[in-house]
Structure formats: structure tokens, C-alpha cells
Number of protein chains: 2
Amino acid sequence: MKFNPVTPEAVAAFTAIVGDANVILPTSADDMLRYTHDETEDLRYTPEVVLKPANASEISLIMQYCNKNLIPVTPRGAGTGLSGGALAVHQGVILSTERLNKIVTIDERNLQATVEPGVITQVFQEAVIAKGLYYPPDPSSRGSCFLGGNLSESSGGPRAVKYGVTKDYVLNMEVVLPTGEITWTGANVLKNATGYNLTQLMVGSEGTLGIITKIVFKLIPYPPQNIVMLVPFRNEEQACEAVSKLFMAGIVPSALEFMERDAIEWSGRYLGIEVNLPEDIQAHLLIELDGNDMDQLFKEAEQVYSVLEQFDIDEILVADTEKQKEDLWRLRRNVAHAVKANSVYKEEDTVVPRAELPRLLHGVKEIGARYNFKSVCYGHAGDGNLHVNIIKADMPDEDWQHKLPEGIKEIFRLVVQLGGTISGEHGIGLVQRPYINIALNEVQLRLMQGIKQLFDPNGILNPGKIFA
Amino acid sequence: MKFNPVTPEAVAAFTAIVGDANVILPTSADDMLRYTHDETEDLRYTPEVVLKPANASEISLIMQYCNKNLIPVTPRGAGTGLSGGALAVHQGVILSTERLNKIVTIDERNLQATVEPGVITQVFQEAVIAKGLYYPPDPSSRGSCFLGGNLSESSGGPRAVKYGVTKDYVLNMEVVLPTGEITWTGANVLKNATGYNLTQLMVGSEGTLGIITKIVFKLIPYPPQNIVMLVPFRNEEQACEAVSKLFMAGIVPSALEFMERDAIEWSGRYLGIEVNLPEDIQAHLLIELDGNDMDQLFKEAEQVYSVLEQFDIDEILVADTEKQKEDLWRLRRNVAHAVKANSVYKEEDTVVPRAELPRLLHGVKEIGARYNFKSVCYGHAGDGNLHVNIIKADMPDEDWQHKLPEGIKEIFRLVVQLGGTISGEHGIGLVQRPYINIALNEVQLRLMQGIKQLFDPNGILNPGKIFA
């Protein structure tokens, strides 16, 4: 695909659409900086222009212009992505949705909310909790990420194990297609058997099929009570096994998170929270139960203890106070930041059927030993979703560039062999493209590329993503 | 699209693939009969041949032959559909999945099951309950319908209100494309951000994009306890209002079904169950609560009573015995059969945001008064999914054919205006095609037809369905 540069005429046309204040050129280096990267490794790409439209109509005009003039457009939420999806790898336009940041309605009668894509996830969660309602998906970056980005990457987070991921809460979306056409994808209903599911086709398409401009979410009643506990294991594979055993006992926790020893230690150090692990502790499970009734939760907690008794664990820490709960969650949510602060790293977002976690973890360590890399593993064990953080530390650049990818391929081949796939919630974006054909066969890729072609005949929307 | 007839050479080729015993020709009128109709109205279409392949490989060979020779293929499950999706409207081949009827594995470690599409829904439910697991979707026809058909129509059923519909339980599918290619759509995982969601594109596509040959479902722990109650209302719009109020009070029942007075009376008569409704009762809600703990359920039931006290209701019947629960459920499940036994009818599968139900019900009656038709309404009120059964009774054929469709259009326009759509769980199939552009705009239809073209370039798979 041959694209055209953003000419002064193009900048003038864009300025006429969005106004002077909402156009950033590379000459404003300070303003431009944050649009040159997301949270993926240390990657940097500078676009030719950043545009900050106010609504779907302005986005439509931008897309019509770019589609006609073959200018690539990279949509961007908060830039918290971990697969490079918001990077302007072909330069052109970065289209930021930051000004589409309104919660349009919270409809308590229907337990639905209509929002714009630039609303921060946590802001939305808190707004609905204030009305006794619940929007469960909460990626670790929920304090800064946008709902539109969550949808684009089909984000999950710790509560997915009980409540499902972002895709399970979207009923309908307004999108601007690469051609500039504006359409809704579905209807504001809990069930829909009217034509093909365009809503779920758009979710997780990583900004390659259209730009989300409005979202209708379903909400559920807020479960006000919870119990949070941290369970230390002397053996990390046993920690993984315990996950399956809890489900087989009929327990559905609202979170079930796995952290290797290093994950919790690094995070503690990063946050200045003292963790003081006994020397023989290799891993932890962070378990949360939620509901409406504390008596009921105490009963469930008893069941959890009786399952965990079968394993070689140290004393279970049950959070006594809201502060202690918060600290436990901060430890978990900041593992990625701690790893990032420690070294250049790559994060692989592996996912397998949950009972296969011990085999995956064992395989990752074995591959690491052969390829000479250290990994810090943690993640949403209840979903079989293990984040494998590969630490560069003092690995020579040459090995990091050329040898490590072979090791990553081995991890991904193992994942697929276990019935899993190479991304659970981060997407393929830019950095996992070289591995896509480990997960997808030729038929799948042909269908997906055909869909891309159908939505975006000129290939201008987020080019260079997903497909190799 | 110009199709070719099924020649004697084609029959010979098919016989070589599936064997003599699995080919039915119109000359065997008795054997053929059941393949000429589904449960939609009184429609009849006779195919040129019925084929009963044993597996994906045989289906692939059939599709390769038909694709090359432009012979239309209509896939068929149990034939319980309510939109005519399994009718051979262009003749050609009926491809029955009845021999793909194995439960391949129930994986208790991963809470997953792999099944073939011809497994009867209730057979599967009972097989997993025997292992303490739960597959919640249960369309009213669950005693006879196939899981493959449930997926093709994105079926729901009464438990959808708490547990979601069929689409929410499928992780992965093996499908044969119209070209004969065999592929899986995803991976056996709870979350997947690896390329576009082909799984959800296939779900609800009504057998127009591919033929499902294997399904991987997720399962959940079985909640063994429940409370079932029948609540009589003196005003049917109040019954609809109560639905929203229950959710707003934080209650998530495992079923919340609405039945007009006629629905329950007709069903009682049909089943020989005495119902004896007081004269002033206009409607009922059938409410089920489920969980692991009876004490907890009693608490929830108290909450339900205190919400219902605000309404003008008669005495609540709480089922005392399993037999009484079963009778209440039979009353609900047999409304459609009772209506069918009573008169020729059309069933419209309307769905709206749940708080809009009173307006929808009021609108249906008002439109019925103007177009001179009687309707019996019932359905999954918790989902905003109202089945509107329009009774022919002594309406002249001329009006049934030509005047009634205008009334149906008015109902569907109202549904869309209320934020809903024209099918919640039955699909568009054959009979709702004339109304599709009330629900879908030109952009949506162009994208959907483009997807159809991509998957099925020769248009041989289930032609004449969904699109007008």
C-alpha cells in the first residue's frame, strides 16, 4: 500500500474541520511527544499530524478526506496499549478520541449507559457505582485507559473470571467507517438475532475496521460486599493447579490472580509496600469473592479454605480493612509498572484453558532456560491468561533482536498446542504481528483480511497492524 | 443467482460420499416429509435431496461439489426454528446434521465441553448436570432442538436474563465453509484478542456463512437450589413495569417470564393443567431465583416480595414441590404449542430495552385494534424479549396476506423506535426478510452482504435467507 504524505493543503483541510487548537504538528515537539508512543516496550513513531476531533461528524469528514487522498489514519485512545496498536507506523494522522469524553446517559431504568469512547474506565466505573450499578471490566490501567481502547483490544482485567470481559458488556456502538460513513452496529438490547453480529466484529478489531464514537453498555446491580485474600504457595505450579480445583469445587471468585514471587516482590519494592516473603514462597494467588451478603461470602470463603488445604501453602492473609484490600490490589495492578521500571522488557499475553496453566508456566521456564532469558509471570489465572514478562536485563542487543523471537515463537507454539492463543486481552497490534500465523491458519487469515478489505477498501485505517 | 438442479450424477456423487442409507429423495415421500418444514407457521418446501453426512470431511466433500456445480445447500438441525431458516426455498440439498450427535468430551478440569452440532440441547444439559456443571441456555424447544441450531439462531431462553444466551457460552467452533474448507473459528479460551472474532460472526449467521461441525462450550458450576414463583397481576402493563423495578432493586433472577392471561390459559388447556384464574387477572410473571444456598435464596425471595408489594397483584404462588415447579415451567414452555394448536398464527420475536416493555405491549395492542388482529403475548421479560403471537382465527386470507404485513411493519417500527430490534432469538430466516430494512440501515446491510459474499462467493449456502 502506497500512502500520500500529509501536505500543507491537508493540514489546512483538517484545521477547517477540527479548529486550530485541535491540530498538533511535529514542530510542537512538546505537545507531540505523548502521541509518539503507547505503553509498548520503548517504541517511538512520530505522526505527521495529530487531530483531536470533537464528535462523529468531524471524524467522518477527516476520514472522507483521508480515504480520498490515501492518508493513513491511526486512531488513539489513552495510549495505554501493550501491543503498539496506537502507534503511527506509517506516519500520517493520529486521530485522538480524547475530546469524545462524555458519559452521555446512565439509564437506571434499563441498566444501560451510553458513553463516548474517550471516557476513562475508572471514571465510568465510579459514576455507575454512585448509582448502585456495576460495570465490571477493569484492566490494570483503568485509572488512565479509555473505554474505546478497552473495546478495541477486547480488554479484560481481574473481574473477567466471574463477570466476563469488555466485549460482554457492549450492546451497541456508533462507528465511523474508513469511508466516513457513520452507523450503529446493533441495537440497545440484551439479545439480538437480526443479521450478522457487527458489534462483536468491531470489538477487538484494534481500530482497523472503524472508529468507535459512541458505546451503549449494559450494567448490572453492584455487589457491595467482598472478601480479599492473598494465598502464599511454596510451589508455583501448585498455585496454578489450585485455580482449577477451586472452580471444580463450584466456586466462582470475582478475581483469581496469579503472581510469581518476583512479581509481588518487584511490585512491593516499586510501591514502597513491605511484603517480607518467607524464603520458601514461590507464588501467590490473590482471591476475591464478592456478593450482596457477608454471611454468604464467609461461607464461600470457608469452601475456598477447604480446597486450598490440599496444597502446600503458608498462612492465608485475609484483608481486614479497606486499606489492606487496596494495598493488595495495588500490588497486583502495579506488577507491569514495576517490571517496566526495572528493565527493558517484552510482555507476552498468553492464554490457555485454565487447567493447562501449570504446563504453560513450566514450559515458559524451560524455554527461558534454553534461550537464556528471565521471565516474571503473573496474570488472570482464573481465565488461563498468563502475562509472561521477558526481562532484557543484560541480554545482548543482538540476542534480544534476533534470538529471543525464536524463544517467543516456542512459547506461542506451546500455547496453541495447549488449546490457547497468543493474546487474551492485549491484541496483536504491531508487536505480535510476526507471530500471528502461529495462532491463525491461512483460511482464518484470508477471511479476516477479506473483512478488512470490505470495511477499508483503501487500507488507510490503522495500517501495519494485526496482519503480517 | 441462478442455481443448477440436483442431477442423477449429483445424487450419485453424494451417495458415494455419505452412503446409500443417508440419501433421501422426494420419491421416499414419508422419509422426506419432516425435512419439508420447520416450526414456522405452516410453510412447506420440498428439497431435491436430503443428505445426512457423518462428519466434517463428508460435509466438506458435499460443499466442494455443490460449490463447483452451483447447487444450493440448506443446512438443517432439528427443524425447530421459528423463522424458516431451515427451509429449502431454492430446493437443492438439505444437509442434515442429525448424525453429528456426539458429546465428544466434557472436560471437568477446564469446565469446557466439545460437542457435535446435532446433540439435543436438553441431552447436553443433563449430561453436564450429572457432573455438577451447568450449560444454562435453554430455549423452549430444548427437548428436541439441536445445539448447532441454537448457535445458528443465537438462541436464548428463560435463563438468559441471568446467564446470557447461547453466544455467551461458545468459545470455539469447527466449521465447513461454503467452499469446503474446514477451519476452527477461535481458540478454547475464555478471552481472545487475536484477530477478528470469527466465532461471534458465525454465531447467529443462520447457516449462511458456514456449517458448524464441532463446538467448544464453556460451562459453569451448577447452582443446585432454586425458588420458582408465579405472580398474578391485575394489570398487564404493571407486570411489565415490575420487571424493571426488580432489577433496579439489585435482584438478578435466573428467569423472569411474562405471560398474558390468554397465554397461560391456552397453555393450561393444551396441557390439561387446571389454572383457574380469578377474573381480574390480566398477566403473570414467572420468577425463578437460583443459587447454592437456600437461606440466601429465601432472603432474595423476601426482597422480591417487597418490590412486588408496590403493585396491584393477587396472591403469589410459590412452588412447593419439584412437580409444581415443573408444572409452572411446562405452562410457560408450552404457550407456543398451545397457540399453534389453536389457530394459524405468526410469531414476532420483538426485543426492546427492558424498561420499554410496557410501551411495546401497549403499542402492540393498539396496532392490533387498528388492524383488527388478536395477539397473545408472552416471553422473556427480563431481557425485554416479547413474543407477539398474532392469531389468524377468522381473519380473511386476503387480510392475512396483504393487510397484516402492514400492521407487523408498524410493530417493528415501534420496536426500533424504542431502541430495540426485530428478532431477539429466532433469527430473520425466511419470514422476517421483508422487514429487515426496518431494523438495518443501508450501510449495515452492505457490510453484511459483503461478508456473505466473502464467505460464500457463489451464494450456494442457505440462499434466500436474512437478506431481502
# chains A, B, ... in the order shown; residues from 1 in each chain; ligands from 1
>>> interface_residues(of="chain A", to="chain B", cutoff="7 Å", atoms="only C-alpha atoms", output="PyMOL selection string")
chain A and resi 108-110+153-154+183+187-197+200-201+204-205+221+244+248+250+351-355+383+419-428+443+448+450-451+454+466
>>> residues_around(residues="B:Met229", least_positions_apart="3", cutoff="8 Å", atoms="only C-alpha atoms", output="list in words")
Leu286, Ile287, Glu288, Ile316, Leu317, Val318 and Ala319 of chain B
>>> write_last_selection(atoms="C-alpha atoms", output="compact mmCIF listing (two decimals), in the first residue's frame")
# COMPACT_ATOMS: atom_id res chain seq x y z
CA LEU B 286 -42.93 -16.44 36.41
CA ILE B 287 -39.90 -15.70 38.57
CA GLU B 288 -37.08 -18.10 39.37
CA ILE B 316 -48.10 -15.17 44.82
CA LEU B 317 -47.89 -18.91 44.21
CA VAL B 318 -44.54 -20.30 45.40
CA ALA B 319 -43.97 -23.81 44.08
>>> residues_around(residues="stretch 386-394 of chain A", least_positions_apart="2", cutoff="9 Å", atoms="only C-alpha atoms", output="PyMOL selection string")
chain A and resi 258+336+339-340+342-352+357+360-361+364+368+373-381+383-384+396-397+400+424
>>> residues_around(residues="stretch 259-261 of chain B", least_positions_apart="2", cutoff="6 Å", atoms="only C-alpha atoms", output="list of chain:residue names")
B:Ala263, B:Ile264, B:Gln282, B:Ala283, B:His284, B:Cys377, B:Tyr378
>>> write_last_selection(atoms="all heavy atoms", output="tab-separated table (two decimals), in the first residue's frame")
chain	number	residue	atom	x	y	z
B	263	ALA	N	-52.19	-16.42	27.36
B	263	ALA	CA	-51.05	-17.32	27.18
B	263	ALA	C	-51.13	-18.45	28.19
B	263	ALA	O	-51.01	-19.64	27.86
B	263	ALA	CB	-49.74	-16.56	27.32
B	264	ILE	N	-51.35	-18.10	29.44
B	264	ILE	CA	-51.34	-19.13	30.49
B	264	ILE	C	-52.62	-19.97	30.41
B	264	ILE	O	-52.59	-21.19	30.60
B	264	ILE	CB	-51.12	-18.47	31.87
B	264	ILE	CG1	-50.52	-19.48	32.84
B	264	ILE	CG2	-52.36	-17.85	32.45
B	264	ILE	CD1	-49.87	-18.83	34.06
B	282	GLN	N	-54.84	-10.21	34.67
B	282	GLN	CA	-54.54	-9.96	33.25
B	282	GLN	C	-53.23	-10.56	32.80
B	282	GLN	O	-53.02	-10.78	31.61
B	282	GLN	CB	-54.47	-8.45	33.01
B	282	GLN	CG	-55.81	-7.80	32.79
B	282	GLN	CD	-55.63	-6.39	32.24
B	282	GLN	OE1	-54.61	-6.06	31.64
B	282	GLN	NE2	-56.61	-5.55	32.47
B	283	ALA	N	-52.30	-10.79	33.73
B	283	ALA	CA	-50.97	-11.27	33.30
B	283	ALA	C	-50.24	-11.91	34.49
B	283	ALA	O	-50.64	-11.72	35.64
B	283	ALA	CB	-50.14	-10.10	32.76
B	284	HIS	N	-49.19	-12.65	34.17
B	284	HIS	CA	-48.37	-13.28	35.21
B	284	HIS	C	-46.90	-13.02	34.96
B	284	HIS	O	-46.49	-12.92	33.81
B	284	HIS	CB	-48.58	-14.80	35.22
B	284	HIS	CG	-49.88	-15.22	35.80
B	284	HIS	ND1	-51.04	-15.24	35.06
B	284	HIS	CD2	-50.21	-15.67	37.05
B	284	HIS	CE1	-52.04	-15.66	35.83
B	284	HIS	NE2	-51.56	-15.93	37.03
B	377	CYS	N	-49.42	-12.45	23.88
B	377	CYS	CA	-48.04	-12.01	24.12
B	377	CYS	C	-47.47	-12.69	25.35
B	377	CYS	O	-48.14	-12.83	26.37
B	377	CYS	CB	-47.99	-10.50	24.31
B	377	CYS	SG	-48.51	-9.58	22.86
B	378	TYR	N	-46.22	-13.09	25.24
B	378	TYR	CA	-45.53	-13.70	26.37
B	378	TYR	C	-44.05	-13.62	26.04
B	378	TYR	O	-43.68	-13.25	24.91
B	378	TYR	CB	-45.97	-15.16	26.55
B	378	TYR	CG	-45.54	-16.04	25.42
B	378	TYR	CD1	-44.40	-16.84	25.55
B	378	TYR	CD2	-46.23	-16.06	24.22
B	378	TYR	CE1	-43.97	-17.62	24.50
B	378	TYR	CE2	-45.81	-16.83	23.17
B	378	TYR	CZ	-44.68	-17.61	23.31
B	378	TYR	OH	-44.25	-18.38	22.26
>>> select_by_dssp(residues="stretch 105-204 of chain A", states="helix (DSSP H, G or I)", output="MDAnalysis selection string")
chainID A and resid 121:129 147:153 160:163 166:169 198:202
>>> residues_around(residues="B:Asn462", least_positions_apart="3", cutoff="7 Å", atoms="only C-alpha atoms", output="ChimeraX atom specification")
/B:72-75,207-208,465
>>> write_last_selection(atoms="N, CA, C and O atoms", output="short mmCIF file (atom, residue, chain, number, x, y, z; two decimals), in the first residue's frame")
data_model
loop_
_atom_site.label_atom_id
_atom_site.label_comp_id
_atom_site.auth_asym_id
_atom_site.auth_seq_id
_atom_site.Cartn_x
_atom_site.Cartn_y
_atom_site.Cartn_z
N PRO B 72 -27.71 -25.26 -4.54
CA PRO B 72 -27.95 -24.66 -3.22
C PRO B 72 -28.01 -25.71 -2.11
O PRO B 72 -28.53 -26.80 -2.31
N VAL B 73 -27.46 -25.33 -0.96
CA VAL B 73 -27.42 -26.22 0.21
C VAL B 73 -28.07 -25.51 1.39
O VAL B 73 -27.66 -24.41 1.75
N THR B 74 -29.05 -26.14 1.99
CA THR B 74 -29.69 -25.59 3.19
C THR B 74 -29.33 -26.47 4.38
O THR B 74 -29.76 -27.62 4.45
N PRO B 75 -28.52 -25.95 5.31
CA PRO B 75 -28.19 -26.78 6.48
C PRO B 75 -29.38 -26.85 7.43
O PRO B 75 -30.17 -25.91 7.50
N GLY B 207 -26.80 -20.18 9.45
CA GLY B 207 -26.38 -21.16 8.44
C GLY B 207 -26.10 -20.57 7.07
O GLY B 207 -26.15 -21.26 6.07
N THR B 208 -25.78 -19.28 7.03
CA THR B 208 -25.50 -18.67 5.72
C THR B 208 -24.01 -18.49 5.46
O THR B 208 -23.61 -18.18 4.34
N LYS B 465 -32.19 -16.37 2.52
CA LYS B 465 -32.41 -16.12 3.93
C LYS B 465 -31.77 -14.78 4.35
O LYS B 465 -30.80 -14.34 3.73
#
>>> atom_distance(atom1="atom CA of B:Ala130", atom2="atom CA of B:Val104")
15.6 Å
>>> select_by_dssp(residues="stretch 102-137 of chain B", states="strand (DSSP E)", output="list in words")
Ile103, Val104, Thr105, Ile106, Asp107, Gln112, Ala113, Thr114, Val115, Leu133 and Tyr134 of chain B
>>> atom_distance(atom1="atom CA of A:Pro137", atom2="atom CA of B:Asp138")
26.7 Å
>>> closest_residue(among="B:Leu43, B:Ala21, B:Met63, B:Val231", to="B:Val89", atoms="only C-alpha atoms")
B:Leu43
>>> atom_distance(atom1="atom CA of B:Phe14", atom2="atom CA of B:Tyr65")
8.5 Å
>>> residues_around(residues="stretch 113-129 of chain A", least_positions_apart="5", cutoff="6 Å", atoms="only C-alpha atoms", output="list in words")
Thr97, Glu98, Leu100, Asn101, Lys102, Ile103, Val104, Thr105, Ile106, Asp107, Tyr134, Tyr135, Arg142, Gly143, Ser144, Cys145, Phe146, Leu147, Gly148, Thr213, Lys214, Ile215, Val216 and Phe217 of chain A
>>> residues_around(residues="stretch 267-274 of chain B", least_positions_apart="3", cutoff="8 Å", atoms="only C-alpha atoms", output="list in words")
Ala263, Ile264, Asp327, Leu331, Arg332, Asn334, Val335, His337, Ala338, Val339 and Ala341 of chain B
>>> closest_residue(among="B:Phe233, B:Tyr371, B:Trp329, B:Phe311", to="B:Asp280", atoms="only C-alpha atoms")
B:Phe233
>>> decode(residues="stretch 272-288 of chain A", atoms="all heavy atoms", output="PDB file, in the first residue's frame")
ATOM      1  N   GLY A 272       6.878   0.772  47.411  1.00  0.00           N
ATOM      2  CA  GLY A 272       7.252   1.016  48.796  1.00  0.00           C
ATOM      3  C   GLY A 272       6.325   0.325  49.789  1.00  0.00           C
ATOM      4  O   GLY A 272       6.111   0.815  50.898  1.00  0.00           O
ATOM      5  N   ILE A 273       5.752  -0.805  49.384  1.00  0.00           N
ATOM      6  CA  ILE A 273       4.939  -1.602  50.318  1.00  0.00           C
ATOM      7  C   ILE A 273       5.802  -2.783  50.767  1.00  0.00           C
ATOM      8  O   ILE A 273       6.372  -3.492  49.935  1.00  0.00           O
ATOM      9  CB  ILE A 273       3.651  -2.133  49.632  1.00  0.00           C
ATOM     10  CG1 ILE A 273       2.735  -0.965  49.257  1.00  0.00           C
ATOM     11  CG2 ILE A 273       2.924  -3.129  50.537  1.00  0.00           C
ATOM     12  CD1 ILE A 273       1.451  -1.379  48.542  1.00  0.00           C
ATOM     13  N   GLU A 274       5.886  -2.964  52.106  1.00  0.00           N
ATOM     14  CA  GLU A 274       6.738  -4.039  52.606  1.00  0.00           C
ATOM     15  C   GLU A 274       6.032  -5.379  52.384  1.00  0.00           C
ATOM     16  O   GLU A 274       4.881  -5.552  52.797  1.00  0.00           O
ATOM     17  CB  GLU A 274       6.986  -3.830  54.098  1.00  0.00           C
ATOM     18  CG  GLU A 274       8.421  -4.151  54.492  1.00  0.00           C
ATOM     19  CD  GLU A 274       8.721  -3.618  55.885  1.00  0.00           C
ATOM     20  OE1 GLU A 274       8.468  -2.408  56.124  1.00  0.00           O
ATOM     21  OE2 GLU A 274       9.184  -4.413  56.710  1.00  0.00           O
ATOM     22  N   VAL A 275       6.678  -6.344  51.757  1.00  0.00           N
ATOM     23  CA  VAL A 275       5.993  -7.623  51.563  1.00  0.00           C
ATOM     24  C   VAL A 275       6.577  -8.770  52.392  1.00  0.00           C
ATOM     25  O   VAL A 275       5.856  -9.671  52.798  1.00  0.00           O
ATOM     26  CB  VAL A 275       5.886  -8.016  50.064  1.00  0.00           C
ATOM     27  CG1 VAL A 275       4.935  -7.084  49.323  1.00  0.00           C
ATOM     28  CG2 VAL A 275       7.228  -8.027  49.387  1.00  0.00           C
ATOM     29  N   ASN A 276       7.896  -8.724  52.661  1.00  0.00           N
ATOM     30  CA  ASN A 276       8.505  -9.718  53.580  1.00  0.00           C
ATOM     31  C   ASN A 276       8.112 -11.168  53.334  1.00  0.00           C
ATOM     32  O   ASN A 276       7.521 -11.827  54.188  1.00  0.00           O
ATOM     33  CB  ASN A 276       8.101  -9.396  55.032  1.00  0.00           C
ATOM     34  CG  ASN A 276       8.830  -8.160  55.528  1.00  0.00           C
ATOM     35  OD1 ASN A 276       9.940  -7.873  55.052  1.00  0.00           O
ATOM     36  ND2 ASN A 276       8.210  -7.440  56.450  1.00  0.00           N
ATOM     37  N   LEU A 277       8.393 -11.666  52.164  1.00  0.00           N
ATOM     38  CA  LEU A 277       8.012 -13.048  51.869  1.00  0.00           C
ATOM     39  C   LEU A 277       8.952 -14.027  52.560  1.00  0.00           C
ATOM     40  O   LEU A 277      10.173 -13.862  52.508  1.00  0.00           O
ATOM     41  CB  LEU A 277       8.083 -13.302  50.360  1.00  0.00           C
ATOM     42  CG  LEU A 277       7.217 -12.410  49.479  1.00  0.00           C
ATOM     43  CD1 LEU A 277       7.309 -12.881  48.037  1.00  0.00           C
ATOM     44  CD2 LEU A 277       5.787 -12.418  49.964  1.00  0.00           C
ATOM     45  N   PRO A 278       8.406 -15.074  53.182  1.00  0.00           N
ATOM     46  CA  PRO A 278       9.259 -16.166  53.651  1.00  0.00           C
ATOM     47  C   PRO A 278      10.036 -16.736  52.465  1.00  0.00           C
ATOM     48  O   PRO A 278       9.550 -16.712  51.327  1.00  0.00           O
ATOM     49  CB  PRO A 278       8.252 -17.195  54.187  1.00  0.00           C
ATOM     50  CG  PRO A 278       6.997 -16.421  54.439  1.00  0.00           C
ATOM     51  CD  PRO A 278       6.992 -15.288  53.456  1.00  0.00           C
ATOM     52  N   GLU A 279      11.218 -17.275  52.774  1.00  0.00           N
ATOM     53  CA  GLU A 279      12.115 -17.664  51.674  1.00  0.00           C
ATOM     54  C   GLU A 279      11.574 -18.757  50.766  1.00  0.00           C
ATOM     55  O   GLU A 279      11.940 -18.860  49.604  1.00  0.00           O
ATOM     56  CB  GLU A 279      13.455 -18.130  52.263  1.00  0.00           C
ATOM     57  CG  GLU A 279      14.442 -16.992  52.296  1.00  0.00           C
ATOM     58  CD  GLU A 279      15.831 -17.454  52.638  1.00  0.00           C
ATOM     59  OE1 GLU A 279      16.136 -18.646  52.399  1.00  0.00           O
ATOM     60  OE2 GLU A 279      16.601 -16.638  53.166  1.00  0.00           O
ATOM     61  N   ASP A 280      10.702 -19.605  51.339  1.00  0.00           N
ATOM     62  CA  ASP A 280      10.250 -20.745  50.541  1.00  0.00           C
ATOM     63  C   ASP A 280       8.978 -20.467  49.733  1.00  0.00           C
ATOM     64  O   ASP A 280       8.429 -21.365  49.116  1.00  0.00           O
ATOM     65  CB  ASP A 280      10.034 -21.973  51.449  1.00  0.00           C
ATOM     66  CG  ASP A 280       9.014 -21.695  52.545  1.00  0.00           C
ATOM     67  OD1 ASP A 280       8.673 -20.502  52.752  1.00  0.00           O
ATOM     68  OD2 ASP A 280       8.566 -22.653  53.169  1.00  0.00           O
ATOM     69  N   ILE A 281       8.508 -19.221  49.716  1.00  0.00           N
ATOM     70  CA  ILE A 281       7.281 -18.913  48.966  1.00  0.00           C
ATOM     71  C   ILE A 281       7.626 -18.598  47.511  1.00  0.00           C
ATOM     72  O   ILE A 281       8.406 -17.699  47.228  1.00  0.00           O
ATOM     73  CB  ILE A 281       6.542 -17.724  49.604  1.00  0.00           C
ATOM     74  CG1 ILE A 281       6.076 -18.103  51.004  1.00  0.00           C
ATOM     75  CG2 ILE A 281       5.362 -17.276  48.740  1.00  0.00           C
ATOM     76  CD1 ILE A 281       5.227 -19.375  51.062  1.00  0.00           C
ATOM     77  N   GLN A 282       7.013 -19.342  46.601  1.00  0.00           N
ATOM     78  CA  GLN A 282       7.323 -19.170  45.176  1.00  0.00           C
ATOM     79  C   GLN A 282       6.280 -18.372  44.425  1.00  0.00           C
ATOM     80  O   GLN A 282       6.564 -17.823  43.361  1.00  0.00           O
ATOM     81  CB  GLN A 282       7.451 -20.546  44.510  1.00  0.00           C
ATOM     82  CG  GLN A 282       8.807 -21.177  44.673  1.00  0.00           C
ATOM     83  CD  GLN A 282       8.949 -22.366  43.732  1.00  0.00           C
ATOM     84  OE1 GLN A 282       8.304 -22.447  42.700  1.00  0.00           O
ATOM     85  NE2 GLN A 282       9.810 -23.288  44.110  1.00  0.00           N
ATOM     86  N   ALA A 283       5.037 -18.389  44.929  1.00  0.00           N
ATOM     87  CA  ALA A 283       3.969 -17.721  44.170  1.00  0.00           C
ATOM     88  C   ALA A 283       2.803 -17.401  45.085  1.00  0.00           C
ATOM     89  O   ALA A 283       2.715 -17.923  46.206  1.00  0.00           O
ATOM     90  CB  ALA A 283       3.491 -18.625  43.037  1.00  0.00           C
ATOM     91  N   HIS A 284       1.908 -16.542  44.587  1.00  0.00           N
ATOM     92  CA  HIS A 284       0.704 -16.181  45.343  1.00  0.00           C
ATOM     93  C   HIS A 284      -0.518 -16.260  44.452  1.00  0.00           C
ATOM     94  O   HIS A 284      -0.438 -16.019  43.247  1.00  0.00           O
ATOM     95  CB  HIS A 284       0.801 -14.738  45.855  1.00  0.00           C
ATOM     96  CG  HIS A 284       1.720 -14.554  47.004  1.00  0.00           C
ATOM     97  ND1 HIS A 284       3.080 -14.407  46.832  1.00  0.00           N
ATOM     98  CD2 HIS A 284       1.502 -14.500  48.342  1.00  0.00           C
ATOM     99  CE1 HIS A 284       3.658 -14.253  48.025  1.00  0.00           C
ATOM    100  NE2 HIS A 284       2.732 -14.319  48.950  1.00  0.00           N
ATOM    101  N   LEU A 285      -1.637 -16.568  45.066  1.00  0.00           N
ATOM    102  CA  LEU A 285      -2.932 -16.310  44.433  1.00  0.00           C
ATOM    103  C   LEU A 285      -3.613 -15.196  45.215  1.00  0.00           C
ATOM    104  O   LEU A 285      -3.676 -15.243  46.449  1.00  0.00           O
ATOM    105  CB  LEU A 285      -3.823 -17.547  44.446  1.00  0.00           C
ATOM    106  CG  LEU A 285      -3.424 -18.710  43.542  1.00  0.00           C
ATOM    107  CD1 LEU A 285      -4.462 -19.836  43.660  1.00  0.00           C
ATOM    108  CD2 LEU A 285      -3.269 -18.284  42.083  1.00  0.00           C
ATOM    109  N   LEU A 286      -4.102 -14.201  44.483  1.00  0.00           N
ATOM    110  CA  LEU A 286      -4.936 -13.158  45.079  1.00  0.00           C
ATOM    111  C   LEU A 286      -6.377 -13.539  44.736  1.00  0.00           C
ATOM    112  O   LEU A 286      -6.730 -13.640  43.561  1.00  0.00           O
ATOM    113  CB  LEU A 286      -4.579 -11.806  44.467  1.00  0.00           C
ATOM    114  CG  LEU A 286      -5.384 -10.593  44.947  1.00  0.00           C
ATOM    115  CD1 LEU A 286      -5.123 -10.300  46.418  1.00  0.00           C
ATOM    116  CD2 LEU A 286      -5.035  -9.363  44.100  1.00  0.00           C
ATOM    117  N   ILE A 287      -7.174 -13.800  45.752  1.00  0.00           N
ATOM    118  CA  ILE A 287      -8.539 -14.293  45.528  1.00  0.00           C
ATOM    119  C   ILE A 287      -9.530 -13.288  46.097  1.00  0.00           C
ATOM    120  O   ILE A 287      -9.389 -12.847  47.232  1.00  0.00           O
ATOM    121  CB  ILE A 287      -8.754 -15.667  46.201  1.00  0.00           C
ATOM    122  CG1 ILE A 287      -7.731 -16.672  45.680  1.00  0.00           C
ATOM    123  CG2 ILE A 287     -10.182 -16.173  45.963  1.00  0.00           C
ATOM    124  CD1 ILE A 287      -7.788 -18.042  46.350  1.00  0.00           C
ATOM    125  N   GLU A 288     -10.505 -12.917  45.282  1.00  0.00           N
ATOM    126  CA  GLU A 288     -11.576 -12.038  45.755  1.00  0.00           C
ATOM    127  C   GLU A 288     -12.920 -12.737  45.566  1.00  0.00           C
ATOM    128  O   GLU A 288     -13.157 -13.357  44.525  1.00  0.00           O
ATOM    129  CB  GLU A 288     -11.567 -10.722  44.971  1.00  0.00           C
ATOM    130  CG  GLU A 288     -12.584  -9.697  45.464  1.00  0.00           C
ATOM    131  CD  GLU A 288     -12.740  -8.531  44.507  1.00  0.00           C
ATOM    132  OE1 GLU A 288     -13.474  -8.679  43.502  1.00  0.00           O
ATOM    133  OE2 GLU A 288     -12.134  -7.476  44.731  1.00  0.00           O
TER     134      GLU A 288
END
